[in-house]
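Q: Contents of structure_11.csv (CSV, C-alpha atoms) are given next:
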chain,number,residue,atom,x,y,z
A,386,MET,CA,15.8,-25.3,2.7
A,387,ILE,CA,12.9,-27.7,3.1
A,388,ASP,CA,14.1,-28.6,6.6
A,389,LEU,CA,14.1,-24.9,7.5
A,390,ILE,CA,10.5,-24.5,6.4
A,391,LYS,CA,9.4,-27.6,8.2
A,392,ARG,CA,11.2,-26.8,11.4
A,393,HIS,CA,9.8,-23.3,11.8
A,394,TYR,CA,6.4,-23.4,10.2
A,395,TRP,CA,5.1,-26.8,9.3
A,396,ASN,CA,2.1,-28.2,11.1
A,397,LYS,CA,2.0,-25.4,13.6
A,398,ARG,CA,-1.3,-24.8,15.3
A,399,GLY,CA,-2.8,-27.7,13.4
A,400,ARG,CA,-2.3,-26.4,9.9
A,401,ASN,CA,0.4,-25.8,7.3
A,402,PRO,CA,1.4,-22.3,6.2
A,403,THR,CA,0.8,-20.6,2.9
A,404,VAL,CA,3.9,-20.7,0.6
A,405,TYR,CA,4.3,-17.7,-1.6
A,406,LEU,CA,6.2,-18.3,-4.9
A,407,LEU,CA,7.5,-14.9,-6.0
A,408,ILE,CA,8.6,-14.5,-9.6
A,409,ASP,CA,10.3,-11.4,-10.8
A,410,GLY,CA,12.9,-10.3,-13.4
A,411,THR,CA,16.0,-8.3,-12.7
A,412,VAL,CA,18.7,-6.7,-14.9
A,413,LEU,CA,22.4,-7.1,-14.1
A,414,PRO,CA,24.1,-4.0,-15.7
A,415,LYS,CA,27.1,-4.7,-17.8
A,416,ARG,CA,29.5,-2.7,-20.0
A,417,GLY,CA,31.2,-5.1,-22.2
A,418,LYS,CA,29.7,-6.2,-25.5
A,419,ASP,CA,31.5,-9.5,-25.6
A,420,LEU,CA,30.1,-10.9,-22.4
A,421,PRO,CA,27.6,-13.8,-22.8
A,422,LYS,CA,23.9,-13.2,-23.0
A,423,VAL,CA,23.9,-9.4,-22.8
A,424,GLY,CA,21.5,-7.1,-24.4
A,425,LEU,CA,19.1,-4.2,-23.9
A,426,HIS,CA,16.5,-4.9,-21.3
A,427,TYR,CA,13.8,-2.8,-19.6
A,428,ASP,CA,14.8,-2.1,-16.0
A,429,THR,CA,12.0,-1.2,-13.6
A,430,ARG,CA,14.4,0.5,-11.3
A,431,THR,CA,15.5,3.1,-13.9
A,432,ARG,CA,12.3,2.8,-15.9
A,433,GLY,CA,14.3,2.6,-19.1
A,434,LEU,CA,16.5,0.3,-21.2
A,435,ARG,CA,19.8,-0.9,-19.8
A,436,TRP,CA,22.6,-2.9,-21.2
A,437,GLY,CA,23.2,-6.1,-19.3
A,438,GLN,CA,22.1,-9.6,-18.5
A,439,LYS,CA,18.5,-10.4,-17.4
A,440,LEU,CA,17.5,-13.1,-14.9
A,441,VAL,CA,14.0,-14.3,-14.1
A,442,ILE,CA,14.2,-15.4,-10.4
A,443,SER,CA,11.7,-17.3,-8.3
A,444,SER,CA,11.9,-17.2,-4.5
A,445,LEU,CA,9.9,-18.5,-1.6
A,446,LYS,CA,8.3,-16.5,1.2
A,447,VAL,CA,7.1,-18.6,4.1
A,448,GLY,CA,6.3,-16.6,7.3
A,449,LYS,CA,9.6,-14.7,8.1
A,450,LEU,CA,11.7,-17.0,5.8
A,451,LEU,CA,12.8,-15.7,2.4
A,452,LEU,CA,14.8,-18.1,0.3
A,453,PRO,CA,15.8,-18.3,-3.4
A,454,TRP,CA,14.3,-21.2,-5.3
A,455,ASP,CA,15.0,-21.1,-9.1
A,456,PHE,CA,16.1,-18.9,-11.9
A,457,ARG,CA,16.3,-18.6,-15.7
A,458,THR,CA,18.5,-16.5,-17.9
A,459,TYR,CA,16.6,-14.5,-20.5
A,460,VAL,CA,18.3,-13.6,-23.8
A,461,ASN,CA,16.9,-11.4,-26.5
A,462,LYS,CA,15.7,-13.4,-29.5
A,463,GLU,CA,18.2,-12.0,-31.9
A,464,LYS,CA,21.1,-12.8,-29.6
A,465,CYS,CA,19.9,-16.3,-28.4
A,466,LYS,CA,22.1,-19.1,-29.6
A,467,GLU,CA,19.8,-21.8,-28.4
A,468,ASP,CA,17.2,-23.4,-30.7
A,469,ASP,CA,14.4,-23.2,-28.1
A,470,PHE,CA,14.2,-19.4,-27.5
A,471,ALA,CA,11.8,-18.7,-24.6
A,472,LYS,CA,10.2,-15.4,-23.5
A,473,SER,CA,10.4,-14.4,-19.9
A,474,THR,CA,6.7,-15.2,-19.5
A,475,GLN,CA,7.4,-18.7,-20.8
A,476,GLN,CA,10.3,-19.1,-18.4
A,477,ALA,CA,8.0,-18.0,-15.5
A,478,ALA,CA,5.4,-20.5,-16.5
A,479,GLU,CA,8.1,-23.2,-16.7
A,480,MET,CA,9.3,-22.4,-13.2
A,481,ILE,CA,5.7,-22.7,-11.9
A,482,ARG,CA,5.3,-26.2,-13.5
A,483,GLU,CA,8.8,-27.2,-12.2
A,484,PHE,CA,7.9,-26.0,-8.7
A,485,ASN,CA,4.7,-28.1,-8.8
A,486,ARG,CA,6.7,-31.2,-9.7
A,487,SER,CA,9.6,-30.7,-7.3
A,488,PHE,CA,8.2,-29.1,-4.1
A,489,PRO,CA,7.6,-32.0,-1.7
A,490,LEU,CA,5.3,-30.4,0.8
A,491,ASP,CA,1.5,-30.3,0.7
A,492,CYS,CA,0.4,-26.8,1.2
A,493,ASN,CA,-1.5,-23.8,-0.2
A,494,VAL,CA,0.7,-22.1,-2.8
A,495,VAL,CA,0.2,-18.5,-4.0
A,496,VAL,CA,2.1,-17.2,-7.0
A,497,ALA,CA,2.7,-13.5,-7.0
A,498,VAL,CA,3.9,-11.7,-10.1
A,499,ASP,CA,4.2,-8.1,-11.4
A,500,GLY,CA,2.6,-6.7,-14.5
A,501,GLY,CA,5.1,-7.9,-17.0
A,502,LEU,CA,4.5,-11.6,-16.0
A,503,CYS,CA,0.8,-11.4,-15.3
A,504,VAL,CA,-0.2,-12.8,-18.7
A,505,LYS,CA,-2.2,-15.7,-20.1
A,506,ARG,CA,0.4,-18.5,-20.1
A,507,VAL,CA,1.5,-17.7,-16.5
A,508,ILE,CA,-2.1,-17.5,-15.2
A,509,GLU,CA,-3.0,-20.8,-16.9
A,510,ALA,CA,0.2,-22.5,-15.6
A,511,ALA,CA,-0.7,-21.5,-12.0
A,512,ASP,CA,-4.3,-22.6,-12.5
A,513,GLN,CA,-3.3,-26.0,-14.0
A,514,ALA,CA,-0.9,-26.5,-11.1
A,515,GLY,CA,-3.7,-25.8,-8.6
A,516,PHE,CA,-2.0,-22.7,-7.3
A,517,ASP,CA,-3.6,-19.3,-6.6
A,518,LEU,CA,-2.2,-16.3,-8.4
A,519,VAL,CA,-2.2,-12.7,-7.6
A,520,GLY,CA,-0.7,-10.0,-9.9
A,521,ARG,CA,-0.9,-6.6,-11.4
A,522,VAL,CA,-2.3,-6.0,-14.9
A,523,ARG,CA,-2.6,-3.1,-17.3
A,524,ARG,CA,-5.5,-0.8,-16.8
A,525,ASP,CA,-6.7,-1.2,-20.4
A,526,ARG,CA,-7.3,-4.9,-20.0
A,527,ARG,CA,-10.9,-6.0,-20.5
A,528,LEU,CA,-13.3,-8.7,-19.3
A,529,GLN,CA,-14.9,-11.1,-21.7
A,530,ASP,CA,-18.1,-8.9,-21.6
A,531,ASN,CA,-15.9,-6.0,-22.8
A,532,ARG,CA,-15.9,-4.1,-19.6
A,533,ASN,CA,-12.7,-2.2,-18.9
A,534,LEU,CA,-11.0,-3.3,-15.7
A,535,SER,CA,-10.4,0.3,-14.6
A,536,LYS,CA,-14.2,0.9,-14.7
A,537,VAL,CA,-15.4,-2.0,-12.5
A,538,ASN,CA,-15.6,-2.1,-8.7
A,539,SER,CA,-13.2,-3.9,-6.5
A,540,GLY,CA,-14.4,-7.4,-5.8
A,541,THR,CA,-15.9,-7.9,-9.3
A,542,VAL,CA,-15.5,-11.5,-10.6
A,543,GLY,CA,-15.2,-12.3,-14.3
A,544,LYS,CA,-12.9,-13.7,-16.9
A,545,LEU,CA,-10.3,-11.7,-18.8
A,546,LYS,CA,-10.5,-11.6,-22.5
A,547,GLY,CA,-8.8,-14.7,-24.0
A,548,ILE,CA,-8.3,-16.4,-20.6
A,549,ASN,CA,-10.8,-19.0,-19.4
A,550,VAL,CA,-9.9,-18.6,-15.7
A,551,PRO,CA,-12.2,-16.7,-13.3
A,552,VAL,CA,-10.5,-13.8,-11.6
A,553,GLN,CA,-11.4,-11.2,-9.0
A,554,VAL,CA,-10.6,-7.6,-9.9
A,555,VAL,CA,-9.3,-5.4,-7.1
A,556,GLY,CA,-8.1,-1.8,-7.3
A,557,ARG,CA,-5.4,-0.2,-5.1
A,558,TYR,CA,-3.6,3.1,-5.0
A,559,MET,CA,0.2,3.2,-5.1
A,560,GLU,CA,2.1,6.5,-5.2
A,561,GLY,CA,-1.1,8.4,-6.0
A,562,ARG,CA,-1.9,6.1,-9.0
A,563,ARG,CA,-4.7,3.5,-9.2
A,564,GLU,CA,-3.4,0.0,-10.1
A,565,ILE,CA,-5.5,-3.0,-11.0
A,566,LEU,CA,-4.8,-6.3,-9.3
A,567,ILE,CA,-6.3,-9.7,-10.1
A,568,SER,CA,-6.6,-12.9,-8.1
A,569,THR,CA,-7.6,-16.3,-9.2
A,570,ASP,CA,-8.9,-17.0,-5.7
A,571,THR,CA,-12.3,-15.5,-5.9
A,572,THR,CA,-13.3,-16.6,-2.4
A,573,ILE,CA,-11.2,-14.0,-0.5
A,574,GLY,CA,-12.0,-10.3,-0.2
A,575,PRO,CA,-10.3,-7.3,-1.8
A,576,VAL,CA,-8.3,-6.6,1.4
A,577,GLN,CA,-6.8,-10.1,1.4
A,578,VAL,CA,-5.9,-9.7,-2.3
A,579,ARG,CA,-4.0,-6.5,-1.5
A,580,ARG,CA,-2.2,-8.2,1.4
A,581,ARG,CA,-1.1,-11.0,-0.8
A,582,MET,CA,0.1,-8.7,-3.5
A,583,LYS,CA,2.1,-6.7,-0.9
A,584,ARG,CA,4.2,-9.9,-0.4
A,585,ARG,CA,5.4,-9.6,-3.9
A,586,TRP,CA,7.7,-6.8,-2.7
A,587,TRP,CA,9.8,-9.5,-1.1
A,588,ALA,CA,10.9,-10.5,-4.6
A,589,GLU,CA,12.6,-7.1,-4.9
A,590,LYS,CA,14.1,-7.7,-1.5
A,591,MET,CA,15.4,-11.1,-2.6
A,592,ASN,CA,17.0,-9.6,-5.7
A,593,GLY,CA,18.7,-7.0,-3.6
A,594,GLU,CA,20.1,-9.6,-1.1
A,595,LEU,CA,21.5,-11.7,-4.0
A,596,LYS,CA,23.1,-8.6,-5.5
A,597,SER,CA,24.7,-7.7,-2.2
A,598,LEU,CA,26.3,-11.1,-2.3
A,599,GLY,CA,27.9,-10.4,-5.7
A,600,LEU,CA,25.2,-11.4,-8.2
A,601,GLU,CA,26.2,-8.5,-10.4
A,602,ASP,CA,30.0,-9.2,-10.2
A,603,CYS,CA,30.3,-11.9,-12.7
A,604,SER,CA,32.5,-10.9,-15.6
A,605,CYS,CA,33.3,-14.4,-17.0
A,606,ARG,CA,33.0,-15.0,-20.7
A,607,GLY,CA,31.9,-18.6,-20.8
A,608,ASP,CA,28.6,-19.4,-22.4
A,609,TYR,CA,27.1,-20.7,-19.2
A,610,SER,CA,29.1,-18.6,-16.7
A,611,VAL,CA,26.0,-16.6,-15.8
A,612,GLU,CA,24.1,-19.7,-14.8
A,613,ARG,CA,27.0,-21.1,-12.8
A,614,TRP,CA,27.7,-17.8,-11.0
A,615,THR,CA,24.0,-17.3,-10.2
A,616,GLY,CA,23.7,-20.8,-8.9
A,617,LEU,CA,26.7,-20.3,-6.6
A,618,VAL,CA,25.3,-17.0,-5.3
A,619,MET,CA,22.0,-18.7,-4.5
A,620,LEU,CA,23.7,-21.6,-2.8
A,621,ALA,CA,25.8,-19.2,-0.7
A,622,PHE,CA,22.7,-17.3,0.3
A,623,THR,CA,20.9,-20.5,1.3
A,624,LEU,CA,23.9,-21.7,3.3
A,625,LEU,CA,24.1,-18.4,5.1
A,626,ALA,CA,20.3,-18.5,5.7
A,627,THR,CA,20.7,-22.0,7.2
A,628,VAL,CA,23.1,-20.6,9.7
A,629,ARG,CA,21.0,-17.6,10.5
A,630,TYR,CA,17.7,-19.5,10.9
A,631,GLU,CA,19.1,-22.4,12.9
A,632,GLY,CA,17.6,-21.1,16.1
A,633,SER,CA,14.0,-20.0,16.9
A,634,THR,CA,12.3,-17.3,14.9
A,635,ASP,CA,12.7,-14.9,17.9
A,636,GLY,CA,15.9,-12.9,17.8
A,637,TRP,CA,17.4,-14.0,14.5
A,638,PRO,CA,21.0,-12.5,14.1
A,639,SER,CA,21.8,-9.9,11.5
A,640,TRP,CA,23.6,-11.0,8.3
A,641,SER,CA,26.8,-9.3,9.6
A,642,GLU,CA,26.7,-11.5,12.7
A,643,VAL,CA,26.1,-14.6,10.5
A,644,GLY,CA,29.1,-13.7,8.5
A,645,GLU,CA,31.3,-13.4,11.6
A,646,ARG,CA,30.0,-16.7,13.0
A,647,VAL,CA,30.7,-18.7,9.8
A,648,ALA,CA,34.1,-17.1,9.4
A,649,LYS,CA,35.1,-18.0,12.9
A,650,ALA,CA,33.9,-21.6,12.4
A,651,LEU,CA,35.9,-21.9,9.2
A,652,VAL,CA,39.1,-20.6,10.8
A,653,ARG,CA,38.7,-22.5,14.1
A,654,TYR,CA,37.7,-25.9,12.9
A,655,GLY,CA,38.9,-26.2,9.3
A,656,ARG,CA,42.4,-24.8,9.3
A,657,TRP,CA,41.2,-22.9,6.2
A,658,TRP,CA,43.7,-20.1,7.0
A,659,GLU,CA,46.4,-22.2,5.3
A,660,LYS,CA,44.5,-21.7,2.0
A,661,SER,CA,45.6,-18.5,0.3
A,662,TRP,CA,42.3,-18.2,-1.6
A,663,LEU,CA,40.3,-18.3,1.7
A,664,ARG,CA,42.7,-15.9,3.4
A,665,ARG,CA,42.1,-13.4,0.7
A,666,GLY,CA,38.4,-13.9,1.2
A,667,LEU,CA,38.6,-13.4,4.9
A,668,ILE,CA,40.5,-10.1,4.3
A,669,HIS,CA,37.6,-9.1,2.1
A,670,LEU,CA,35.2,-10.1,4.9
A,671,LYS,CA,36.7,-7.4,7.1
A,672,GLU,CA,35.7,-4.8,4.6
A,673,LYS,CA,32.4,-6.2,3.4
A,674,THR,CA,29.7,-8.2,5.1
A,675,PRO,CA,27.9,-10.5,4.8
A,676,LEU,CA,30.3,-13.4,4.2
A,677,PHE,CA,30.2,-14.2,0.5
A,678,LYS,CA,33.7,-14.3,-1.0
A,679,PRO,CA,35.2,-16.8,1.5
A,680,LEU,CA,32.1,-19.0,1.1
A,681,LEU,CA,32.1,-18.7,-2.6
A,682,GLU,CA,35.8,-19.7,-2.7
A,683,LEU,CA,35.0,-22.6,-0.4
A,684,ILE,CA,32.2,-24.1,-2.5
A,685,ALA,CA,34.0,-23.3,-5.7
A,686,SER,CA,36.9,-25.5,-4.7
A,687,ARG,CA,38.3,-28.0,-7.2
A,688,ALA,CA,36.0,-30.8,-6.1
A,689,TYR,CA,32.9,-28.6,-6.4
A,690,ARG,CA,34.0,-27.3,-9.8
A,691,ASP,CA,34.4,-30.9,-11.0
A,692,GLN,CA,30.8,-31.6,-10.0
A,693,LEU,CA,29.7,-28.5,-11.8
A,694,GLU,CA,31.4,-29.7,-15.0
A,695,ALA,CA,29.5,-32.9,-14.8
A,696,ILE,CA,26.1,-31.1,-14.5
As C-alpha cells, what does this structure read like?
A:
Amino acid sequence: MIDLIKRHYWNKRGRNPTVYLLIDGTVLPKRGKDLPKVGLHYDTRTRGLRWGQKLVISSLKVGKLLLPWDFRTYVNKEKCKEDDFAKSTQQAAEMIREFNRSFPLDCNVVVAVDGGLCVKRVIEAADQAGFDLVGRVRRDRRLQDNRNLSKVNSGTVGKLKGINVPVQVVGRYMEGRREILISTDTTIGPVQVRRRMKRRWWAEKMNGELKSLGLEDCSCRGDYSVERWTGLVMLAFTLLATVRYEGSTDGWPSWSEVGERVAKALVRYGRWWEKSWLRRGLIHLKEKTPLFKPLLELIASRAYRDQLEAI
C-alpha cells in the first residue's frame, strides 16, 4: 500500500500530496441472534435501527488511490463481553492515534468524519496528532461565546463549547438543507473546507467496495470471526488494488478486468486448478466479479490460517 502511494504520488512536482484519513461507520445487516457482536445499530442508509454488526472503518484517499487502512468492531455496551468497552467515537480517536504512530510517510494529513464522529475526543485526537480535521456537526452546537453555529457566517473562527481547539465554521447546502461544517485548519477558505468535506464521500465508496467483495457475507459464529473476515476482505481488496494500480494513473483497468487478469495468472502459473477449493472459486468468478472468492480461498489456505491463529 505504501509503495503504491509513493510510486504514484510521492515527491511529485516538488511536494508531497495530502493524505485523507476517512473514518466512517457501517452496519452489516444480520438475521441470526446467535451470531457474535450483533445488536441494534443506527444505519444512515435506512435512517433507522437495523439488526446486525457494526464496523468503524478508516480508509486512505490519496489522489485517485482509495485503499482500506484499519477497522474496529463496535458492540453495544450491554452485549460487550470485553472489559474495556469502547464507544465508536473512542474507536475513531484510537485509529487516529494509531495512524499517527504507524504511517511512515511525512505529509499533510486531513481527517474527514461525519456528524456522529465529529465530537470532542475525535477532534482533540486529530489536533494532538498534528492533523487537520473536517467534519459535520449538529446545527444546535454553540461556540464558547454562546453563539449558535447555524446563526454565524461562513468563515467564522472560534472554539466550540467544551473544546479548546480553534475551528472555522462553514455552511453548505445538501439536498435543500443547510449543514454546518467545521475545520480545524483556520487558514483555508470556506470553499476549500467544502472541497475537503466532499472527499469524505469516498468513505461510503470504500464501504460499498468492501461489501461488494463479501464483507456482509460472514456467518461464522466464532468470537473473533468478524475481525478475521473483515481483515481478509481488506487484504483481498488491497491485493486487487495492487494489481489494478501497478501501471500509470492513466487508463487504470476496471475491477472486472483486474479479476480476469488475476484469475488467468493463478491458473496459468500456479496450477491452482488442481485445488478443488479454488476451482469452485473460479466458477464463482464467472458469475460475479471482481475476483474475491478465489483470492479469499487462496489467502485463507492452511498456512495462512495458521498464521492467523498465532495473531
Q: For the atom pair atom CA of A:Thr458 and atom CA of A:Glu479, what is the interatomic distance in Å to one decimal place?
A: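 Pair atom CA of A:Thr458 / atom CA of A:Glu479 returns 12.4 Å.
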Q: What's around stretch 572-575 of chain A at 8 Å? Count all atoms listed in the file, leave out sequence neighbours fewer than 6 positions away in its own chain, and write the answer as a list of chain:residue names.
A: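 Once the adjacent positions are removed, what remains is A:Ser539, A:Gly540, A:Val555.
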Q: The selected residues should be written to file as an mmCIF file, keeping the file's coordinate frame (atoms: C-alpha atoms).
A:
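Wrote it out as selection_37.cif, contents follow:
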data_model
loop_
_atom_site.group_PDB
_atom_site.id
_atom_site.type_symbol
_atom_site.label_atom_id
_atom_site.label_comp_id
_atom_site.auth_asym_id
_atom_site.auth_seq_id
_atom_site.Cartn_x
_atom_site.Cartn_y
_atom_site.Cartn_z
ATOM 1 C CA SER A 539 -13.200 -3.900 -6.500
ATOM 2 C CA GLY A 540 -14.400 -7.400 -5.800
ATOM 3 C CA VAL A 555 -9.300 -5.400 -7.100
#
Q: What is the atom CA of A:Ala477-atom CA of A:Ile567 distance in Å, reported with one decimal?
A: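 Between atom CA of A:Ala477 and atom CA of A:Ile567 the gap is 17.4 Å.
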Q: With all atoms listed in the file as the atoms that count, which of A:Ile408, A:Leu600, A:Leu617, A:Leu625 lies nearest to A:Leu518?
A: A:Ile408
Q: Work out how far atom CA of A:Val447 is from atom CA of A:Asn401, in Å to one decimal.
A: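 Going from atom CA of A:Asn401 over to atom CA of A:Val447 covers 10.3 Å.
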Q: Would you kindly place N, CA and C atoms on stretch 604-629 of chain A and return the model as a short mmCIF file (atom, residue, chain, number, x, y, z; two decimals), in the coordinates of the input?
A:
data_model
loop_
_atom_site.label_atom_id
_atom_site.label_comp_id
_atom_site.auth_asym_id
_atom_site.auth_seq_id
_atom_site.Cartn_x
_atom_site.Cartn_y
_atom_site.Cartn_z
N SER A 604 32.00 -11.46 -14.38
CA SER A 604 32.50 -10.90 -15.60
C SER A 604 33.15 -12.02 -16.48
N CYS A 605 32.77 -13.27 -16.20
CA CYS A 605 33.30 -14.40 -17.00
C CYS A 605 32.69 -14.40 -18.36
N ARG A 606 33.41 -15.01 -19.30
CA ARG A 606 33.00 -15.00 -20.70
C ARG A 606 32.50 -16.33 -21.23
N GLY A 607 32.44 -17.33 -20.35
CA GLY A 607 31.90 -18.60 -20.80
C GLY A 607 30.45 -18.57 -21.10
N ASP A 608 29.99 -19.46 -21.98
CA ASP A 608 28.60 -19.40 -22.40
C ASP A 608 27.63 -19.64 -21.26
N TYR A 609 28.03 -20.43 -20.27
CA TYR A 609 27.10 -20.70 -19.20
C TYR A 609 27.66 -20.18 -17.83
N SER A 610 28.54 -19.17 -17.92
CA SER A 610 29.10 -18.60 -16.70
C SER A 610 28.05 -17.90 -15.86
N VAL A 611 27.07 -17.26 -16.50
CA VAL A 611 26.00 -16.60 -15.80
C VAL A 611 25.22 -17.56 -14.91
N GLU A 612 24.87 -18.70 -15.52
CA GLU A 612 24.10 -19.70 -14.80
C GLU A 612 24.91 -20.26 -13.62
N ARG A 613 26.20 -20.53 -13.85
CA ARG A 613 27.00 -21.10 -12.80
C ARG A 613 27.20 -20.09 -11.65
N TRP A 614 27.47 -18.84 -12.02
CA TRP A 614 27.70 -17.80 -11.00
C TRP A 614 26.42 -17.59 -10.18
N THR A 615 25.27 -17.49 -10.87
CA THR A 615 24.00 -17.30 -10.20
C THR A 615 23.70 -18.44 -9.24
N GLY A 616 23.96 -19.67 -9.71
CA GLY A 616 23.70 -20.80 -8.90
C GLY A 616 24.60 -20.80 -7.62
N LEU A 617 25.86 -20.36 -7.75
CA LEU A 617 26.70 -20.30 -6.60
C LEU A 617 26.26 -19.20 -5.62
N VAL A 618 25.80 -18.06 -6.14
CA VAL A 618 25.30 -17.00 -5.30
C VAL A 618 24.06 -17.48 -4.49
N MET A 619 23.15 -18.17 -5.18
CA MET A 619 22.00 -18.70 -4.50
C MET A 619 22.33 -19.72 -3.46
N LEU A 620 23.30 -20.58 -3.79
CA LEU A 620 23.70 -21.60 -2.80
C LEU A 620 24.37 -20.90 -1.61
N ALA A 621 25.20 -19.88 -1.85
CA ALA A 621 25.80 -19.20 -0.70
C ALA A 621 24.77 -18.52 0.15
N PHE A 622 23.75 -17.91 -0.45
CA PHE A 622 22.70 -17.30 0.30
C PHE A 622 21.95 -18.33 1.16
N THR A 623 21.67 -19.49 0.55
CA THR A 623 20.90 -20.50 1.30
C THR A 623 21.75 -21.07 2.43
N LEU A 624 23.07 -21.25 2.23
CA LEU A 624 23.90 -21.70 3.30
C LEU A 624 23.97 -20.70 4.46
N LEU A 625 24.06 -19.43 4.10
CA LEU A 625 24.10 -18.40 5.10
C LEU A 625 22.72 -18.35 5.85
N ALA A 626 21.63 -18.51 5.08
CA ALA A 626 20.30 -18.50 5.70
C ALA A 626 20.14 -19.68 6.66
N THR A 627 20.74 -20.84 6.30
CA THR A 627 20.70 -22.00 7.20
C THR A 627 21.32 -21.70 8.52
N VAL A 628 22.46 -20.97 8.48
CA VAL A 628 23.10 -20.60 9.70
C VAL A 628 22.27 -19.59 10.50
N ARG A 629 21.71 -18.64 9.78
CA ARG A 629 21.00 -17.60 10.50
C ARG A 629 19.68 -18.12 11.09
#
